[in-house]
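Undergrad: Dropping in protein_20.txt, with compact mmCIF, C-alpha atoms and all ligand atoms.
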# COMPACT_ATOMS: atom_id res chain seq x y z
CA MET A 1 -52.40 60.31 -38.33
CA PRO A 2 -51.96 56.56 -38.84
CA ARG A 3 -48.63 55.78 -40.48
CA VAL A 4 -49.11 53.62 -43.56
CA ALA A 5 -46.48 51.57 -45.38
CA VAL A 6 -47.05 50.52 -48.98
CA LEU A 7 -45.24 47.34 -50.06
CA LEU A 8 -44.86 46.82 -53.80
CA SER A 9 -42.85 44.83 -56.32
CA GLY A 10 -43.71 46.50 -59.62
CA ARG A 11 -45.26 49.47 -61.38
CA GLY A 12 -47.08 50.76 -58.29
CA SER A 13 -50.22 52.28 -59.79
CA ASN A 14 -52.21 51.35 -56.67
CA PHE A 15 -49.57 53.03 -54.53
CA VAL A 16 -49.90 56.17 -56.66
CA ALA A 17 -53.69 56.11 -56.23
CA LEU A 18 -53.27 55.85 -52.45
CA ALA A 19 -50.73 58.68 -52.44
CA GLU A 20 -53.12 60.85 -54.47
CA ALA A 21 -55.96 60.11 -52.05
CA VAL A 22 -53.74 61.20 -49.15
CA SER A 23 -52.67 64.40 -50.94
CA ALA A 24 -56.28 65.20 -51.82
CA GLY A 25 -57.28 64.85 -48.17
CA ARG A 26 -59.47 61.84 -48.94
CA LEU A 27 -57.49 59.50 -46.70
CA PRO A 28 -56.69 60.40 -43.10
CA GLY A 29 -53.28 58.74 -43.00
CA GLU A 30 -49.70 59.37 -43.97
CA ILE A 31 -47.64 57.23 -46.34
CA ALA A 32 -44.65 56.96 -44.04
CA LEU A 33 -42.77 54.32 -46.03
CA VAL A 34 -42.76 52.69 -49.45
CA LEU A 35 -40.90 49.40 -49.36
CA SER A 36 -40.03 47.01 -52.15
CA ASN A 37 -38.35 43.66 -52.46
CA VAL A 38 -37.34 44.74 -56.00
CA ALA A 39 -34.67 47.47 -55.93
CA ASP A 40 -35.55 48.84 -59.38
CA ALA A 41 -39.34 48.62 -59.09
CA PRO A 42 -40.90 51.56 -60.98
CA GLY A 43 -43.24 52.14 -58.02
CA LEU A 44 -40.27 52.73 -55.73
CA ALA A 45 -38.76 55.26 -58.15
CA HIS A 46 -42.10 57.04 -58.30
CA ALA A 47 -42.26 57.21 -54.50
CA ARG A 48 -38.78 58.75 -54.43
CA ARG A 49 -39.87 61.38 -56.95
CA LEU A 50 -42.80 62.21 -54.66
CA GLY A 51 -40.31 62.76 -51.84
CA LEU A 52 -41.58 59.84 -49.77
CA GLU A 53 -39.43 57.68 -47.53
CA THR A 54 -38.45 54.53 -49.46
CA VAL A 55 -36.48 51.41 -48.78
CA ALA A 56 -35.50 48.44 -50.94
CA VAL A 57 -35.15 45.11 -49.16
CA PRO A 58 -34.15 42.69 -51.95
CA HIS A 59 -35.17 39.15 -51.11
CA ALA A 60 -32.15 37.48 -52.73
CA PRO A 61 -29.88 36.12 -51.34
CA LEU A 62 -31.76 36.15 -48.02
CA SER A 63 -33.80 33.24 -46.71
CA ARG A 64 -37.52 33.88 -46.44
CA ASP A 65 -37.20 34.28 -42.66
CA ASP A 66 -34.28 36.68 -42.88
CA HIS A 67 -36.01 38.73 -45.57
CA GLU A 68 -39.16 39.03 -43.47
CA ALA A 69 -37.10 40.00 -40.43
CA ALA A 70 -35.41 42.76 -42.46
CA VAL A 71 -38.79 44.01 -43.74
CA LEU A 72 -40.25 43.96 -40.22
CA ALA A 73 -37.26 45.88 -38.90
CA ALA A 74 -37.75 48.58 -41.56
CA LEU A 75 -41.46 48.80 -40.72
CA ARG A 76 -40.72 49.14 -37.01
CA ARG A 77 -38.05 51.78 -37.64
CA ALA A 78 -40.67 53.78 -39.53
CA ARG A 79 -43.22 53.25 -36.71
CA ILE A 80 -45.77 51.84 -39.14
CA ASP A 81 -49.38 51.27 -38.08
CA TRP A 82 -50.93 49.92 -41.29
CA ILE A 83 -49.49 48.00 -44.24
CA CYS A 84 -50.96 48.09 -47.75
CA LEU A 85 -49.71 45.42 -50.11
CA ALA A 86 -49.94 46.80 -53.63
CA GLY A 87 -48.63 44.28 -56.12
CA TYR A 88 -46.20 42.90 -53.53
CA MET A 89 -45.27 39.52 -54.96
CA ARG A 90 -44.32 37.76 -51.72
CA LEU A 91 -46.49 35.63 -49.47
CA LEU A 92 -46.31 36.70 -45.83
CA SER A 93 -45.71 34.11 -43.11
CA GLY A 94 -48.06 33.65 -40.16
CA GLY A 95 -45.42 35.24 -37.95
CA PHE A 96 -45.28 38.37 -40.08
CA VAL A 97 -49.07 38.67 -40.18
CA ALA A 98 -49.22 38.25 -36.39
CA ALA A 99 -46.87 41.22 -35.98
CA PHE A 100 -49.58 43.49 -37.46
CA PRO A 101 -52.87 41.86 -36.49
CA GLN A 102 -55.78 43.10 -38.64
CA ARG A 103 -53.55 45.84 -39.98
CA ILE A 104 -52.37 44.41 -43.30
CA LEU A 105 -54.39 44.93 -46.48
CA ASN A 106 -54.04 43.54 -49.97
CA ILE A 107 -55.80 44.31 -53.22
CA HIS A 108 -56.62 41.62 -55.75
CA PRO A 109 -58.16 41.99 -59.22
CA SER A 110 -61.11 39.60 -58.84
CA LEU A 111 -64.17 39.28 -56.68
CA LEU A 112 -62.69 36.96 -54.09
CA PRO A 113 -63.11 34.18 -53.12
CA SER A 114 -63.30 33.58 -56.88
CA PHE A 115 -60.02 33.48 -58.77
CA PRO A 116 -57.25 33.89 -56.18
CA GLY A 117 -53.62 33.64 -57.23
CA LEU A 118 -52.06 34.45 -60.57
CA HIS A 119 -53.90 35.71 -63.69
CA PRO A 120 -57.29 36.31 -62.05
CA GLN A 121 -58.59 38.20 -65.10
CA ARG A 122 -57.65 35.23 -67.32
CA GLN A 123 -59.37 32.93 -64.83
CA ALA A 124 -62.52 35.11 -64.91
CA LEU A 125 -62.67 35.02 -68.71
CA ALA A 126 -62.11 31.27 -68.78
CA ALA A 127 -64.90 30.73 -66.24
CA GLY A 128 -67.29 32.85 -68.30
CA VAL A 129 -68.43 35.09 -65.44
CA ARG A 130 -70.35 38.21 -66.44
CA ILE A 131 -69.24 40.23 -63.42
CA SER A 132 -65.73 40.45 -62.03
CA GLY A 133 -64.05 43.23 -60.10
CA CYS A 134 -61.58 43.80 -57.34
CA THR A 135 -61.32 43.02 -53.65
CA VAL A 136 -59.50 44.67 -50.78
CA HIS A 137 -58.98 42.18 -47.98
CA LEU A 138 -57.22 41.79 -44.69
CA VAL A 139 -54.18 39.59 -45.11
CA ASP A 140 -53.70 36.22 -43.50
CA SER A 141 -50.92 33.79 -44.32
CA GLY A 142 -52.87 32.19 -47.19
CA LEU A 143 -52.97 33.26 -50.83
CA ASP A 144 -55.57 36.05 -51.30
CA SER A 145 -57.60 34.37 -48.57
CA GLY A 146 -58.11 36.89 -45.75
CA PRO A 147 -61.39 38.55 -44.70
CA ILE A 148 -62.97 40.76 -47.36
CA VAL A 149 -63.16 44.48 -46.57
CA TRP A 150 -64.35 46.08 -49.82
CA GLN A 151 -65.28 45.10 -53.35
CA ARG A 152 -66.05 46.89 -56.59
CA ALA A 153 -67.78 45.10 -59.44
CA VAL A 154 -66.78 45.37 -63.09
CA PRO A 155 -68.85 43.88 -65.94
CA VAL A 156 -67.13 41.41 -68.23
CA LEU A 157 -67.87 42.41 -71.82
CA ASP A 158 -68.15 40.01 -74.75
CA SER A 159 -65.43 42.01 -76.46
CA ASP A 160 -63.04 41.69 -73.48
CA ASP A 161 -59.65 40.06 -73.57
CA GLU A 162 -57.39 39.73 -70.55
CA GLU A 163 -55.80 43.12 -71.16
CA SER A 164 -58.98 45.13 -71.56
CA LEU A 165 -60.62 43.49 -68.56
CA ALA A 166 -57.51 44.04 -66.44
CA ALA A 167 -57.44 47.73 -67.40
CA ARG A 168 -61.08 48.31 -66.41
CA ILE A 169 -60.60 46.41 -63.14
CA LEU A 170 -57.43 48.39 -62.40
CA ALA A 171 -59.33 51.67 -62.68
CA GLN A 172 -61.71 50.40 -60.00
CA GLU A 173 -58.82 49.15 -57.86
CA HIS A 174 -57.51 52.69 -57.70
CA VAL A 175 -60.83 53.83 -56.22
CA ALA A 176 -61.42 50.81 -54.02
CA TYR A 177 -58.11 50.79 -52.17
CA ALA A 178 -58.49 54.31 -50.79
CA GLU A 179 -62.16 53.69 -50.02
CA ALA A 180 -61.36 50.52 -48.10
CA LEU A 181 -58.48 51.95 -46.09
CA GLY A 182 -60.47 55.13 -45.45
CA ALA A 183 -63.40 53.10 -44.13
CA LEU A 184 -61.16 51.06 -41.83
CA LEU A 185 -59.46 54.20 -40.51
CA THR A 186 -62.57 56.25 -39.90
CA ARG A 187 -65.41 53.85 -39.14
CA ARG A 188 -66.19 51.44 -36.33
CA TRP A 189 -65.73 47.84 -37.44
CA LEU A 190 -65.01 44.41 -36.11
CA LEU A 191 -64.06 41.03 -37.42
CA GLU A 192 -66.73 38.38 -36.84
CA GLY A 193 -65.22 35.10 -37.97
CA ARG A 194 -64.23 35.85 -41.56
CA ARG A 195 -66.65 38.74 -41.88
CA VAL A 196 -65.60 42.37 -41.57
CA ARG A 197 -68.63 44.22 -40.20
CA PHE A 198 -68.90 47.99 -40.15
CA LEU A 199 -71.04 48.99 -37.19
CA ASP A 200 -71.83 52.57 -38.15
CA ALA A 201 -73.42 54.21 -41.16
CA PRO A 202 -70.90 55.49 -43.70
CA GLU A 203 -70.22 59.23 -43.56
CA GLY A 204 -73.03 61.08 -45.31
CA GLY A 205 -75.05 57.84 -45.54
C1 LIG B 1 -52.88 44.96 -59.20
O1 LIG B 1 -53.73 44.43 -60.20
C2 LIG B 1 -53.20 44.36 -57.86
O2 LIG B 1 -54.56 44.08 -57.71
C3 LIG B 1 -52.41 43.07 -57.87
O3 LIG B 1 -51.21 43.41 -58.50
C4 LIG B 1 -51.44 44.51 -59.40
C5 LIG B 1 -50.48 45.59 -59.01
O4 LIG B 1 -50.55 46.69 -59.88
N1 LIG B 1 -52.25 42.56 -56.54
P1 LIG B 1 -49.82 48.03 -59.50
O5 LIG B 1 -48.36 47.69 -59.27
O6 LIG B 1 -50.46 48.61 -58.29
O7 LIG B 1 -49.98 48.92 -60.71
Show how you would write the structure in this file as structure tokens.
TA:
Amino acid sequence: MPRVAVLLSGRGSNFVALAEAVSAGRLPGEIALVLSNVADAPGLAHARRLGLETVAVPHAPLSRDDHEAAVLAALRRARIDWICLAGYMRLLSGGFVAAFPQRILNIHPSLLPSFPGLHPQRQALAAGVRISGCTVHLVDSGLDSGPIVWQRAVPVLDSDDEESLAARILAQEHVAYAEALGALLTRRWLLEGRRVRFLDAPEGG
């Protein structure tokens, strides 16, 4: 079973969705570590309650390089194969990304490449798009800029505000993250330039 680490900084609802997918047998991997740069992140507490291996690596007072080295050391100790960023509020350096080539995923609440960065739901409303959604992508050292793996669309309603749109997108994130990781773990795929191409038909399809 591939050993997956989830990195988070906050509430951790995407982590919980991944953990549920594993428990339900929908994801052929094991959450071998939940790591946070925020010692009192609710997601970390939840992981402890689930009996998972957790570690806090606070970023202060470390330099960015030293913090990344400490995170990498924890990942190596846990013999991690795949990393899922789930609300992890730190940019990864090129060196970190190179330590896990094509094995780091992130989830973002917009249809990338539209609306990277902070407040993507606010950006979507301000731009007047009728469809938004969420994206699971491979991580490079840019901001929400790596190759797209999976997307789920969510309509923007005339009645939406940032909060209501974010809530409907979040529900789709919880489905999309397990789908994306499951596809990468079970299907044949390759990276062609910036394009992730699955070479086989999906199971049952
Ligand atoms: C999610 O909206 C995710 O897309 C973004 O940060 C948020 C994290 O939420 N990267 P949670 O901590 O998983 O509940």
Undergrad: Near Gln123 (chain A), counting only C-alpha atoms, which residues have an atom at most 10 Å away, once you skip same-chain residues fewer than 5 positions from it, shown as a count of residues only?
TA: 9
Undergrad: List all protein, DNA and RNA residues that have at least one atom no more than 6 Å from any atom of ligand LIG 1 (chain B), counting only C-alpha atoms and all ligand atoms, and write them as a PDB file with C-alpha atoms, keeping the file's coordinate frame.
TA:
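After the write, result10.pdb holds the following:
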ATOM      1  CA  GLY A  10     -43.710  46.500 -59.620  1.00  0.00           C
ATOM      2  CA  ARG A  11     -45.260  49.470 -61.380  1.00  0.00           C
ATOM      3  CA  GLY A  12     -47.080  50.760 -58.290  1.00  0.00           C
ATOM      4  CA  SER A  13     -50.220  52.280 -59.790  1.00  0.00           C
ATOM      5  CA  ASN A  14     -52.210  51.350 -56.670  1.00  0.00           C
ATOM      6  CA  PHE A  15     -49.570  53.030 -54.530  1.00  0.00           C
ATOM      7  CA  ALA A  86     -49.940  46.800 -53.630  1.00  0.00           C
ATOM      8  CA  GLY A  87     -48.630  44.280 -56.120  1.00  0.00           C
ATOM      9  CA  ILE A 107     -55.800  44.310 -53.220  1.00  0.00           C
ATOM     10  CA  HIS A 108     -56.620  41.620 -55.750  1.00  0.00           C
ATOM     11  CA  PRO A 109     -58.160  41.990 -59.220  1.00  0.00           C
ATOM     12  CA  LEU A 170     -57.430  48.390 -62.400  1.00  0.00           C
TER      13      LEU A 170
END
Undergrad: Figure out the distance between CA of Val156 (chain A) and CA of Ile169 (chain A), please, to one decimal in Å.
TA: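 Separation between CA of Ile169 (chain A) and CA of Val156 (chain A): 9.7 Å.
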Undergrad: Can you find the residues with an atom no farther than 10 Å from (-41.6, 49.7, -55.1), counting only C-alpha atoms, and report them as a PyMOL selection string?
TA: chain A and resi 6-12+15+34-48+54-57+86-88
Undergrad: Got a sec to check which residues sit within 10 Å of (-67.3, 45.7, -64.9), counting all atoms listed in the file, and write them as a list in words?
TA: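 In the file's frame, the residues around the point are Arg130, Ile131, Ser132, Gly133, Cys134, Arg152, Ala153, Val154, Pro155, Val156, Leu157, Leu165, Arg168, Ile169 and Gln172 of chain A.
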Undergrad: Could you check which of A:Ala166, A:Leu62, A:Ile148, A:Leu105 is closest to Ala124 (chain A), using all atoms listed in the file?
TA: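 Using all atoms listed in the file, the shortest distance to Ala124 (chain A) belongs to A:Ala166.
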Undergrad: Which is closest to Phe198 (chain A) among A:Ala127, A:Leu33, A:Leu18, A:Leu185, if we use only C-alpha atoms?
TA: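 Going through A:Ala127, A:Leu33, A:Leu18, A:Leu185 one by one, the smallest distance to Phe198 (chain A) is for A:Leu185.
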Undergrad: Between CA of Ala21 (chain A) and CA of Glu163 (chain A), measure the distance and give it in Å to one decimal.
TA: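 Between CA of Ala21 (chain A) and CA of Glu163 (chain A) the gap is 25.6 Å.
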Undergrad: Work out how far CA of Ala171 (chain A) is from CA of Ile31 (chain A), in Å to one decimal.
TA: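 Going from CA of Ile31 (chain A) over to CA of Ala171 (chain A), I get 20.8 Å.
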Undergrad: Counting only C-alpha atoms, figure out which residue out of A:Leu125, A:Ser23, A:Leu199, A:Leu72 gets nearest to Ser159 (chain A).
TA: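 Among the listed residues, the smallest separation from Ser159 (chain A) belongs to A:Leu125.
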Undergrad: A:Leu191, A:Ile80, A:Val196, A:Ala180: which is nearest Arg26 (chain A), counting all atoms listed in the file?
TA: A:Ala180
Undergrad: Between A:Leu143, A:Leu138, A:Ala167, A:Leu50, which is the closest to Leu190 (chain A) once you count all atoms listed in the file?
TA: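 Going through A:Leu143, A:Leu138, A:Ala167, A:Leu50 one by one, the smallest distance to Leu190 (chain A) is for A:Leu138.
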Undergrad: Determine the nearest neighbour of Ser93 (chain A) from the options A:Asp160, A:Glu179, A:Asp140, A:Asp200, counting all atoms listed in the file.
TA: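 For Ser93 (chain A), the nearest of the given residues is A:Asp140.
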Undergrad: Which residues are close to Ser141 (chain A), i.e. within 8 Å by all atoms listed in the file, leaving aside same-chain residues fewer than 3 positions away? Reply as a compact mmCIF listing (two decimals) with C-alpha atoms, in the coordinates of the input.
TA:
# COMPACT_ATOMS: atom_id res chain seq x y z
CA LEU A 91 -46.49 35.63 -49.47
CA LEU A 92 -46.31 36.70 -45.83
CA SER A 93 -45.71 34.11 -43.11
CA GLY A 94 -48.06 33.65 -40.16
CA VAL A 97 -49.07 38.67 -40.18
CA SER A 145 -57.60 34.37 -48.57
CA GLY A 146 -58.11 36.89 -45.75
Undergrad: Please export region 60-100 of chain A as a PDB file, in the first residue's frame, restricted to N, CA and C atoms.
TA:
ATOM      1  N   ALA A  60       7.805  28.681  12.845  1.00  0.00           N
ATOM      2  CA  ALA A  60       8.572  29.657  13.624  1.00  0.00           C
ATOM      3  C   ALA A  60       9.303  28.915  14.743  1.00  0.00           C
ATOM      4  N   PRO A  61      10.523  29.244  15.063  1.00  0.00           N
ATOM      5  CA  PRO A  61      11.332  30.353  14.560  1.00  0.00           C
ATOM      6  C   PRO A  61      12.288  29.899  13.453  1.00  0.00           C
ATOM      7  N   LEU A  62      11.970  28.790  12.786  1.00  0.00           N
ATOM      8  CA  LEU A  62      12.913  28.240  11.814  1.00  0.00           C
ATOM      9  C   LEU A  62      12.937  29.078  10.544  1.00  0.00           C
ATOM     10  N   SER A  63      14.067  29.047   9.837  1.00  0.00           N
ATOM     11  CA  SER A  63      14.116  29.627   8.493  1.00  0.00           C
ATOM     12  C   SER A  63      13.313  28.713   7.582  1.00  0.00           C
ATOM     13  N   ARG A  64      12.968  29.225   6.413  1.00  0.00           N
ATOM     14  CA  ARG A  64      12.204  28.406   5.463  1.00  0.00           C
ATOM     15  C   ARG A  64      12.964  27.119   5.129  1.00  0.00           C
ATOM     16  N   ASP A  65      14.280  27.239   4.915  1.00  0.00           N
ATOM     17  CA  ASP A  65      15.082  26.061   4.570  1.00  0.00           C
ATOM     18  C   ASP A  65      15.093  25.048   5.716  1.00  0.00           C
ATOM     19  N   ASP A  66      15.291  25.544   6.916  1.00  0.00           N
ATOM     20  CA  ASP A  66      15.355  24.629   8.064  1.00  0.00           C
ATOM     21  C   ASP A  66      13.998  23.970   8.310  1.00  0.00           C
ATOM     22  N   HIS A  67      12.932  24.746   8.117  1.00  0.00           N
ATOM     23  CA  HIS A  67      11.597  24.157   8.306  1.00  0.00           C
ATOM     24  C   HIS A  67      11.367  23.045   7.282  1.00  0.00           C
ATOM     25  N   GLU A  68      11.694  23.318   6.031  1.00  0.00           N
ATOM     26  CA  GLU A  68      11.505  22.296   4.990  1.00  0.00           C
ATOM     27  C   GLU A  68      12.354  21.063   5.280  1.00  0.00           C
ATOM     28  N   ALA A  69      13.570  21.286   5.763  1.00  0.00           N
ATOM     29  CA  ALA A  69      14.445  20.143   6.067  1.00  0.00           C
ATOM     30  C   ALA A  69      13.814  19.292   7.173  1.00  0.00           C
ATOM     31  N   ALA A  70      13.221  19.963   8.169  1.00  0.00           N
ATOM     32  CA  ALA A  70      12.587  19.219   9.272  1.00  0.00           C
ATOM     33  C   ALA A  70      11.361  18.453   8.761  1.00  0.00           C
ATOM     34  N   VAL A  71      10.599  19.077   7.874  1.00  0.00           N
ATOM     35  CA  VAL A  71       9.421  18.392   7.306  1.00  0.00           C
ATOM     36  C   VAL A  71       9.874  17.190   6.482  1.00  0.00           C
ATOM     37  N   LEU A  72      10.884  17.403   5.646  1.00  0.00           N
ATOM     38  CA  LEU A  72      11.389  16.298   4.812  1.00  0.00           C
ATOM     39  C   LEU A  72      11.899  15.142   5.674  1.00  0.00           C
ATOM     40  N   ALA A  73      12.570  15.486   6.755  1.00  0.00           N
ATOM     41  CA  ALA A  73      13.088  14.431   7.640  1.00  0.00           C
ATOM     42  C   ALA A  73      11.928  13.621   8.217  1.00  0.00           C
ATOM     43  N   ALA A  74      10.854  14.296   8.634  1.00  0.00           N
ATOM     44  CA  ALA A  74       9.692  13.585   9.186  1.00  0.00           C
ATOM     45  C   ALA A  74       9.054  12.696   8.120  1.00  0.00           C
ATOM     46  N   LEU A  75       8.992  13.191   6.888  1.00  0.00           N
ATOM     47  CA  LEU A  75       8.394  12.399   5.799  1.00  0.00           C
ATOM     48  C   LEU A  75       9.250  11.172   5.505  1.00  0.00           C
ATOM     49  N   ARG A  76      10.556  11.357   5.542  1.00  0.00           N
ATOM     50  CA  ARG A  76      11.446  10.208   5.267  1.00  0.00           C
ATOM     51  C   ARG A  76      11.357   9.186   6.382  1.00  0.00           C
ATOM     52  N   ARG A  77      11.326   9.690   7.638  1.00  0.00           N
ATOM     53  CA  ARG A  77      11.196   8.757   8.778  1.00  0.00           C
ATOM     54  C   ARG A  77       9.948   7.899   8.628  1.00  0.00           C
ATOM     55  N   ALA A  78       8.893   8.498   8.107  1.00  0.00           N
ATOM     56  CA  ALA A  78       7.622   7.757   7.967  1.00  0.00           C
ATOM     57  C   ALA A  78       7.560   6.992   6.639  1.00  0.00           C
ATOM     58  N   ARG A  79       8.633   7.000   5.883  1.00  0.00           N
ATOM     59  CA  ARG A  79       8.725   6.283   4.592  1.00  0.00           C
ATOM     60  C   ARG A  79       7.529   6.615   3.682  1.00  0.00           C
ATOM     61  N   ILE A  80       7.347   7.914   3.488  1.00  0.00           N
ATOM     62  CA  ILE A  80       6.197   8.402   2.725  1.00  0.00           C
ATOM     63  C   ILE A  80       6.441   8.298   1.215  1.00  0.00           C
ATOM     64  N   ASP A  81       5.393   7.847   0.500  1.00  0.00           N
ATOM     65  CA  ASP A  81       5.454   7.764  -0.960  1.00  0.00           C
ATOM     66  C   ASP A  81       4.759   8.955  -1.631  1.00  0.00           C
ATOM     67  N   TRP A  82       3.613   9.342  -1.087  1.00  0.00           N
ATOM     68  CA  TRP A  82       2.804  10.402  -1.679  1.00  0.00           C
ATOM     69  C   TRP A  82       2.483  11.454  -0.622  1.00  0.00           C
ATOM     70  N   ILE A  83       2.402  12.716  -1.070  1.00  0.00           N
ATOM     71  CA  ILE A  83       2.065  13.812  -0.158  1.00  0.00           C
ATOM     72  C   ILE A  83       0.810  14.509  -0.679  1.00  0.00           C
ATOM     73  N   CYS A  84      -0.175  14.670   0.187  1.00  0.00           N
ATOM     74  CA  CYS A  84      -1.372  15.437  -0.154  1.00  0.00           C
ATOM     75  C   CYS A  84      -1.389  16.711   0.681  1.00  0.00           C
ATOM     76  N   LEU A  85      -1.284  17.840   0.023  1.00  0.00           N
ATOM     77  CA  LEU A  85      -1.443  19.114   0.720  1.00  0.00           C
ATOM     78  C   LEU A  85      -2.945  19.367   0.850  1.00  0.00           C
ATOM     79  N   ALA A  86      -3.385  19.660   2.037  1.00  0.00           N
ATOM     80  CA  ALA A  86      -4.817  19.863   2.273  1.00  0.00           C
ATOM     81  C   ALA A  86      -4.970  21.087   3.166  1.00  0.00           C
ATOM     82  N   GLY A  87      -4.974  22.256   2.525  1.00  0.00           N
ATOM     83  CA  GLY A  87      -5.008  23.488   3.300  1.00  0.00           C
ATOM     84  C   GLY A  87      -3.694  23.712   4.023  1.00  0.00           C
ATOM     85  N   TYR A  88      -2.599  23.350   3.366  1.00  0.00           N
ATOM     86  CA  TYR A  88      -1.257  23.571   3.943  1.00  0.00           C
ATOM     87  C   TYR A  88      -0.783  24.934   3.443  1.00  0.00           C
ATOM     88  N   MET A  89      -0.663  25.880   4.360  1.00  0.00           N
ATOM     89  CA  MET A  89      -0.482  27.277   3.955  1.00  0.00           C
ATOM     90  C   MET A  89       0.994  27.662   3.830  1.00  0.00           C
ATOM     91  N   ARG A  90       1.772  26.788   3.202  1.00  0.00           N
ATOM     92  CA  ARG A  90       3.190  27.097   2.961  1.00  0.00           C
ATOM     93  C   ARG A  90       3.494  26.759   1.504  1.00  0.00           C
ATOM     94  N   LEU A  91       4.248  27.636   0.858  1.00  0.00           N
ATOM     95  CA  LEU A  91       4.720  27.309  -0.493  1.00  0.00           C
ATOM     96  C   LEU A  91       5.911  26.374  -0.366  1.00  0.00           C
ATOM     97  N   LEU A  92       6.005  25.389  -1.241  1.00  0.00           N
ATOM     98  CA  LEU A  92       7.138  24.462  -1.198  1.00  0.00           C
ATOM     99  C   LEU A  92       8.221  24.938  -2.156  1.00  0.00           C
ATOM    100  N   SER A  93       9.471  24.794  -1.755  1.00  0.00           N
ATOM    101  CA  SER A  93      10.580  25.203  -2.619  1.00  0.00           C
ATOM    102  C   SER A  93      10.776  24.159  -3.726  1.00  0.00           C
ATOM    103  N   GLY A  94      11.528  24.569  -4.755  1.00  0.00           N
ATOM    104  CA  GLY A  94      11.853  23.626  -5.832  1.00  0.00           C
ATOM    105  C   GLY A  94      12.591  22.405  -5.303  1.00  0.00           C
ATOM    106  N   GLY A  95      13.431  22.600  -4.308  1.00  0.00           N
ATOM    107  CA  GLY A  95      14.193  21.492  -3.737  1.00  0.00           C
ATOM    108  C   GLY A  95      13.279  20.474  -3.060  1.00  0.00           C
ATOM    109  N   PHE A  96      12.290  20.991  -2.353  1.00  0.00           N
ATOM    110  CA  PHE A  96      11.337  20.094  -1.679  1.00  0.00           C
ATOM    111  C   PHE A  96      10.555  19.299  -2.723  1.00  0.00           C
ATOM    112  N   VAL A  97      10.057  20.001  -3.730  1.00  0.00           N
ATOM    113  CA  VAL A  97       9.255  19.348  -4.775  1.00  0.00           C
ATOM    114  C   VAL A  97      10.086  18.262  -5.469  1.00  0.00           C
ATOM    115  N   ALA A  98      11.367  18.563  -5.687  1.00  0.00           N
ATOM    116  CA  ALA A  98      12.243  17.605  -6.384  1.00  0.00           C
ATOM    117  C   ALA A  98      12.494  16.347  -5.551  1.00  0.00           C
ATOM    118  N   ALA A  99      12.276  16.453  -4.239  1.00  0.00           N
ATOM    119  CA  ALA A  99      12.483  15.273  -3.382  1.00  0.00           C
ATOM    120  C   ALA A  99      11.348  14.258  -3.548  1.00  0.00           C
ATOM    121  N   PHE A 100      10.208  14.704  -4.063  1.00  0.00           N
ATOM    122  CA  PHE A 100       9.059  13.814  -4.314  1.00  0.00           C
ATOM    123  C   PHE A 100       8.505  14.077  -5.710  1.00  0.00           C
TER     124      PHE A 100
END
